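Taking it in order: structure first as structure tokens, then the write-up.
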Amino acid sequence: MQQTLENIREKALAAIQNAQNTDNIEDVKIEFLSRKSELNNIKKNLKDLSNEDKRIIGSLANKIAHEIEEKINEKYQQLYQKELNEKLEKERIDITLPGSYTPYGKEHLLTQTINEIVEIFNGMGFSLVHNENSPEVETEYFNFDMLNIPKDHPARDMQDTFYTKVAPNVILRSQTSGAQIHEMLTQKPPIRVVAPGRVYRCEAVSARKNNLFHQIEGLLVDKDITFADLKGVMNEFIRIYFGSARPTRFRNSFFPFTEPSAEIDVQCIMCHGKGCRVCSGTGWLEILGAGMVDPNVLRNVEIDPEIYSGFAFGMGVERLAMLKWAVDDIRLFFNNDVRFLKQF
Ligand code: PHE
């Protein structure tokens with residue numbers, strides 16, 4: 001029995017000696033000190049021995065167990081330190097390296113322009129329409145029919161408007177004017193709203209024209225509204241937006257949903273009226289269409305044109321941004337070139 005214990009001791013010390021890493025030493029611990037170990041077995045069976053042997057073997061077994069445990073702990077410490085040092089060495093961090101740089105983002109110039117324009121109209125009592133009253137995927141009914149646009153109007157042509165495959169009458173809106181109808185069906189006069197958003201037109205892309213652009217629709221319906229109110233609001237908007245009065249002109253025009261109608265031009269900022277690529281040589285840039293809401297449109301939404309009148313306008317956000325910031329190509333807004341975008 002004593003010899004057996006001695007053998008266990010020797011085997012254990014050799015195993016401790018040979019352990020290469022902390023995993024090995026854990027295994028050694030299990031092998032020699034666990035409940036199922038040989039040593040523990042001997043201790044468990046002491047009761048079968050004589051009193052004399054019980055004392056001798058018992059104390060020797062305890063002594064050996066202590067010794068093994070101590071050696072295991074010692075070795076474990078050594079190996080643990082070694083592994084830790086290796087790990088620290090391997091995972092060394094060079095604190096002198098530059099950190100990773102995340103540039104600050106900012107609002108796109110078009111978003112800034114929309115917010116600025118909406119704020120100007122807020123100041124004149126216009127509120128922003130709810131999104132659901134200004135959807136981009138629209139039906140012909142809202143984009144054309146309710147706006148008094150006849151069935152054979154060229155805007156309804158596939159050459160000009162993007163039709164979808166959702167249904168024959170579902171289109172990408174070609175103007176924000178549908179928001180007028182949605183709004184007049186939602187609330188009763190007095191109405192004073194602006195509705196910004198994207199519009200889509202199927203036409204050739206150039207420095208002035210893109211398939212996708214932004215408009216801000218405005219609508220005011222109340223009693224005793226006249227063309228003078230429209231002129232006053234438009235001139236006030238232009239004065240605030242451009243920071244000073246700029247040369248403008250009201251040209252008589254035609255829209256099926258306003259009568260009378262006007263197009264409002266601002267003098268070309270690029271050439272100061274001399275004529276250039278941006279203004280197609282005219283010296284003027286059209287920034288908005290406007291007019292008095294056609295009585296037919298009011299009737300369509302069951303507002304009595306004998307009691308109420310109103311005006312509507314639709315302005316091109318890109319044009320307004322181009323004029324204010326002297327941007328000479330509309331495509332710059334959509335190319336996502338940060339060298340352009342970060343200037344604003
Ligand atoms: N919807 C017209 C366009 O896109 C602009 C407009 C809006 C004209 C409101 C009159 C009134 O050209």
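Residue numbering restarts at 1 for every chain of the structure tokens, chains are lettered A, B, ... in their displayed order, and ligands are numbered from 1 as they appear.
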Site check for ligand 1: residues at most 8 Å away, only C-alpha atoms and all ligand atoms, as a JSON list (two decimals) with N, CA, C and O atoms, in the first residue's frame:
[["chain", "number", "residue", "atom", "x", "y", "z"],
["A", 174, "SER", "N", -46.31, 62.99, -61.47],
["A", 174, "SER", "CA", -45.51, 63.88, -62.31],
["A", 174, "SER", "C", -45.49, 65.29, -61.74],
["A", 174, "SER", "O", -44.81, 66.17, -62.25],
["A", 175, "GLN", "N", -46.25, 65.50, -60.68],
["A", 175, "GLN", "CA", -46.32, 66.81, -60.03],
["A", 175, "GLN", "C", -46.85, 66.59, -58.60],
["A", 175, "GLN", "O", -47.47, 65.57, -58.32],
["A", 176, "THR", "N", -46.60, 67.55, -57.73],
["A", 176, "THR", "CA", -47.11, 67.42, -56.37],
["A", 176, "THR", "C", -48.55, 67.91, -56.25],
["A", 176, "THR", "O", -49.15, 67.85, -55.18],
["A", 177, "SER", "N", -49.13, 68.37, -57.36],
["A", 177, "SER", "CA", -50.46, 68.97, -57.30],
["A", 177, "SER", "C", -51.54, 68.03, -56.78],
["A", 177, "SER", "O", -52.56, 68.48, -56.25],
["A", 215, "GLN", "N", -40.58, 69.04, -55.84],
["A", 215, "GLN", "CA", -41.44, 70.23, -55.90],
["A", 215, "GLN", "C", -41.98, 70.51, -54.51],
["A", 215, "GLN", "O", -42.02, 69.62, -53.66],
["A", 217, "GLU", "N", -45.55, 71.99, -53.25],
["A", 217, "GLU", "CA", -46.89, 72.43, -53.63],
["A", 217, "GLU", "C", -47.41, 73.34, -52.52],
["A", 217, "GLU", "O", -47.17, 73.09, -51.34],
["A", 218, "GLY", "N", -48.11, 74.37, -52.91],
["A", 218, "GLY", "CA", -48.74, 75.23, -51.91],
["A", 218, "GLY", "C", -50.20, 75.38, -52.26],
["A", 218, "GLY", "O", -50.58, 75.38, -53.43],
["A", 219, "LEU", "N", -51.03, 75.47, -51.23],
["A", 219, "LEU", "CA", -52.47, 75.64, -51.48],
["A", 219, "LEU", "C", -53.07, 76.50, -50.38],
["A", 219, "LEU", "O", -52.83, 76.26, -49.18],
["A", 255, "PHE", "N", -52.50, 76.23, -66.78],
["A", 255, "PHE", "CA", -52.57, 74.91, -66.15],
["A", 255, "PHE", "C", -54.03, 74.55, -66.07],
["A", 255, "PHE", "O", -54.86, 75.42, -65.77],
["A", 257, "PHE", "N", -55.69, 73.15, -63.92],
["A", 257, "PHE", "CA", -56.28, 73.20, -62.57],
["A", 257, "PHE", "C", -56.22, 74.58, -61.93],
["A", 257, "PHE", "O", -56.62, 74.76, -60.78],
["A", 258, "THR", "N", -55.70, 75.58, -62.67],
["A", 258, "THR", "CA", -55.75, 76.96, -62.15],
["A", 258, "THR", "C", -56.23, 77.89, -63.25],
["A", 258, "THR", "O", -55.97, 77.67, -64.43],
["A", 261, "SER", "N", -53.66, 81.43, -64.68],
["A", 261, "SER", "CA", -52.41, 80.79, -64.28],
["A", 261, "SER", "C", -51.22, 81.68, -64.62],
["A", 261, "SER", "O", -51.31, 82.51, -65.53],
["A", 262, "ALA", "N", -50.14, 81.46, -63.90],
["A", 262, "ALA", "CA", -48.92, 82.24, -64.18],
["A", 262, "ALA", "C", -47.70, 81.36, -63.96],
["A", 262, "ALA", "O", -47.74, 80.42, -63.17],
["A", 263, "GLU", "N", -46.64, 81.70, -64.68],
["A", 263, "GLU", "CA", -45.35, 81.10, -64.36],
["A", 263, "GLU", "C", -44.48, 82.22, -63.86],
["A", 263, "GLU", "O", -44.50, 83.34, -64.40],
["A", 288, "LEU", "N", -41.51, 78.61, -60.57],
["A", 288, "LEU", "CA", -42.77, 78.03, -60.14],
["A", 288, "LEU", "C", -43.93, 78.35, -61.07],
["A", 288, "LEU", "O", -43.91, 79.31, -61.82],
["A", 289, "GLY", "N", -44.90, 77.44, -60.98],
["A", 289, "GLY", "CA", -46.15, 77.66, -61.67],
["A", 289, "GLY", "C", -47.19, 77.93, -60.60],
["A", 289, "GLY", "O", -47.10, 77.41, -59.49],
["A", 290, "ALA", "N", -48.17, 78.77, -60.92],
["A", 290, "ALA", "CA", -49.15, 79.12, -59.90],
["A", 290, "ALA", "C", -50.43, 79.59, -60.56],
["A", 290, "ALA", "O", -50.50, 79.76, -61.78],
["A", 291, "GLY", "N", -51.43, 79.81, -59.75],
["A", 291, "GLY", "CA", -52.68, 80.35, -60.29],
["A", 291, "GLY", "C", -53.80, 80.23, -59.27],
["A", 291, "GLY", "O", -53.62, 79.69, -58.18],
["A", 292, "MET", "N", -54.95, 80.74, -59.67],
["A", 292, "MET", "CA", -56.14, 80.64, -58.82],
["A", 292, "MET", "C", -56.77, 79.27, -59.06],
["A", 292, "MET", "O", -56.95, 78.85, -60.21],
["A", 293, "VAL", "N", -57.11, 78.58, -57.97],
["A", 293, "VAL", "CA", -57.65, 77.23, -58.09],
["A", 293, "VAL", "C", -58.90, 77.26, -58.99],
["A", 293, "VAL", "O", -59.82, 78.06, -58.77],
["A", 311, "PHE", "N", -55.68, 79.98, -54.12],
["A", 311, "PHE", "CA", -54.60, 79.89, -55.09],
["A", 311, "PHE", "C", -53.71, 78.69, -54.77],
["A", 311, "PHE", "O", -53.72, 78.18, -53.64],
["A", 312, "ALA", "N", -52.99, 78.25, -55.80],
["A", 312, "ALA", "CA", -52.07, 77.12, -55.64],
["A", 312, "ALA", "C", -50.79, 77.47, -56.35],
["A", 312, "ALA", "O", -50.77, 78.29, -57.28],
["A", 313, "PHE", "N", -49.72, 76.86, -55.89],
["A", 313, "PHE", "CA", -48.44, 77.05, -56.60],
["A", 313, "PHE", "C", -47.62, 75.78, -56.46],
["A", 313, "PHE", "O", -47.83, 74.98, -55.55],
["A", 314, "GLY", "N", -46.72, 75.59, -57.41],
["A", 314, "GLY", "CA", -45.81, 74.45, -57.34],
["A", 314, "GLY", "C", -44.44, 74.91, -57.77],
["A", 314, "GLY", "O", -44.28, 75.46, -58.85],
["A", 315, "MET", "N", -43.46, 74.76, -56.86],
["A", 315, "MET", "CA", -42.13, 75.27, -57.21],
["A", 315, "MET", "C", -41.11, 74.15, -57.29],
["A", 315, "MET", "O", -41.23, 73.13, -56.63]]
**Lys43 (chain A) surroundings by only C-alpha atoms, 9 Å radius, close-in-sequence under 6 positions cut, as a PyMOL selection string** = chain A and resi 57-58+61-62
Write a file of the selected residues as an mmCIF file, in the first residue's frame, keeping N, CA and C atoms.
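The resulting file, out.cif, is shown below:
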data_model
loop_
_atom_site.group_PDB
_atom_site.id
_atom_site.type_symbol
_atom_site.label_atom_id
_atom_site.label_comp_id
_atom_site.auth_asym_id
_atom_site.auth_seq_id
_atom_site.Cartn_x
_atom_site.Cartn_y
_atom_site.Cartn_z
ATOM 1 N N ILE A 57 -1.310 4.765 6.665
ATOM 2 C CA ILE A 57 -1.674 4.968 5.252
ATOM 3 C C ILE A 57 -2.471 6.259 5.076
ATOM 4 N N GLY A 58 -3.382 6.481 6.031
ATOM 5 C CA GLY A 58 -4.218 7.696 5.965
ATOM 6 C C GLY A 58 -3.359 8.940 5.964
ATOM 7 N N ALA A 61 -1.352 9.208 2.704
ATOM 8 C CA ALA A 61 -2.210 9.584 1.570
ATOM 9 C C ALA A 61 -2.517 11.080 1.610
ATOM 10 N N ASN A 62 -2.845 11.590 2.796
ATOM 11 C CA ASN A 62 -3.119 13.036 2.927
ATOM 12 C C ASN A 62 -1.897 13.869 2.578
#
**Message:** as a ChimeraX atom specification, please: the residues near Tyr76 (chain A) (cut-off 8 Å, only C-alpha atoms, same-chain neighbours under 3 positions excluded).
**Reply:** /A:22,25,72-73,79-80
**Fill in**
Closest of A:Thr248, A:Thr139, A:Asn131, A:Ser34 to Asn235 (chain A), counting only C-alpha atoms, is A:Thr248
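In terms of minimum interatomic distance to Glu38 (chain A), A:Thr4 ranks closest within A:Asn24, A:Ser127, A:Thr4, A:Asn51, counting only C-alpha atoms.
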List the spatial neighbours of Ile264 (chain A) as a short mmCIF file (atom, residue, chain, number, x, y, z; two decimals) with N, CA and C atoms, in the first residue's frame - criterion: any atom at most 6 Å away, only C-alpha atoms, same-chain residues fewer than 3 positions off excluded.
data_model
loop_
_atom_site.label_atom_id
_atom_site.label_comp_id
_atom_site.auth_asym_id
_atom_site.auth_seq_id
_atom_site.Cartn_x
_atom_site.Cartn_y
_atom_site.Cartn_z
N ARG A 249 -40.47 87.85 -62.85
CA ARG A 249 -41.56 88.23 -63.75
C ARG A 249 -42.67 87.18 -63.67
N PHE A 250 -43.89 87.68 -63.75
CA PHE A 250 -45.07 86.80 -63.79
C PHE A 250 -45.49 86.72 -65.25
N GLU A 286 -37.45 79.61 -64.79
CA GLU A 286 -38.78 79.42 -64.23
C GLU A 286 -38.62 78.72 -62.90
N LEU A 288 -41.51 78.61 -60.57
CA LEU A 288 -42.77 78.03 -60.14
C LEU A 288 -43.93 78.35 -61.07
#
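Proximity ranking of A:Ile120, A:Ile16, A:Leu97, A:Ile269 relative to Thr282 (chain A) places A:Ile269 first, based on only C-alpha atoms.
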**Item:** d(CA of Val137 (chain A), CA of Phe162 (chain A)) in Å
**Value:** 10.0 Å
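Between Leu84 (chain A) and the residues A:Gln343, A:Asn21, A:Asn335, A:Gln187, the shortest atom-to-atom distance, using only C-alpha atoms, involves A:Asn21.
Atom pair CA of Cys271 (chain A) / CA of Gly283 (chain A) has a distance of 6.9 Å (rounded to one decimal).
Proximity to Phe242 (chain A) at 10 Å, evaluated using only C-alpha atoms and with sequence-adjacent residues fewer than 3 positions away removed, yields A:Phe237, A:Ile238, A:Arg239, A:Ala245, A:Arg246, A:Leu320, A:Leu323, A:Lys324.
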Please, could you write that set of residues out with C-alpha atoms as a compact mmCIF listing (two decimals), in the first residue's frame?
# COMPACT_ATOMS: atom_id res chain seq x y z
CA PHE A 237 -41.43 84.25 -50.43
CA ILE A 238 -38.90 85.30 -53.08
CA ARG A 239 -37.75 88.24 -50.99
CA ALA A 245 -35.72 91.36 -53.87
CA ARG A 246 -34.48 89.81 -57.14
CA LEU A 320 -34.43 77.28 -56.32
CA LEU A 323 -30.31 79.83 -58.23
CA LYS A 324 -29.37 80.51 -54.66
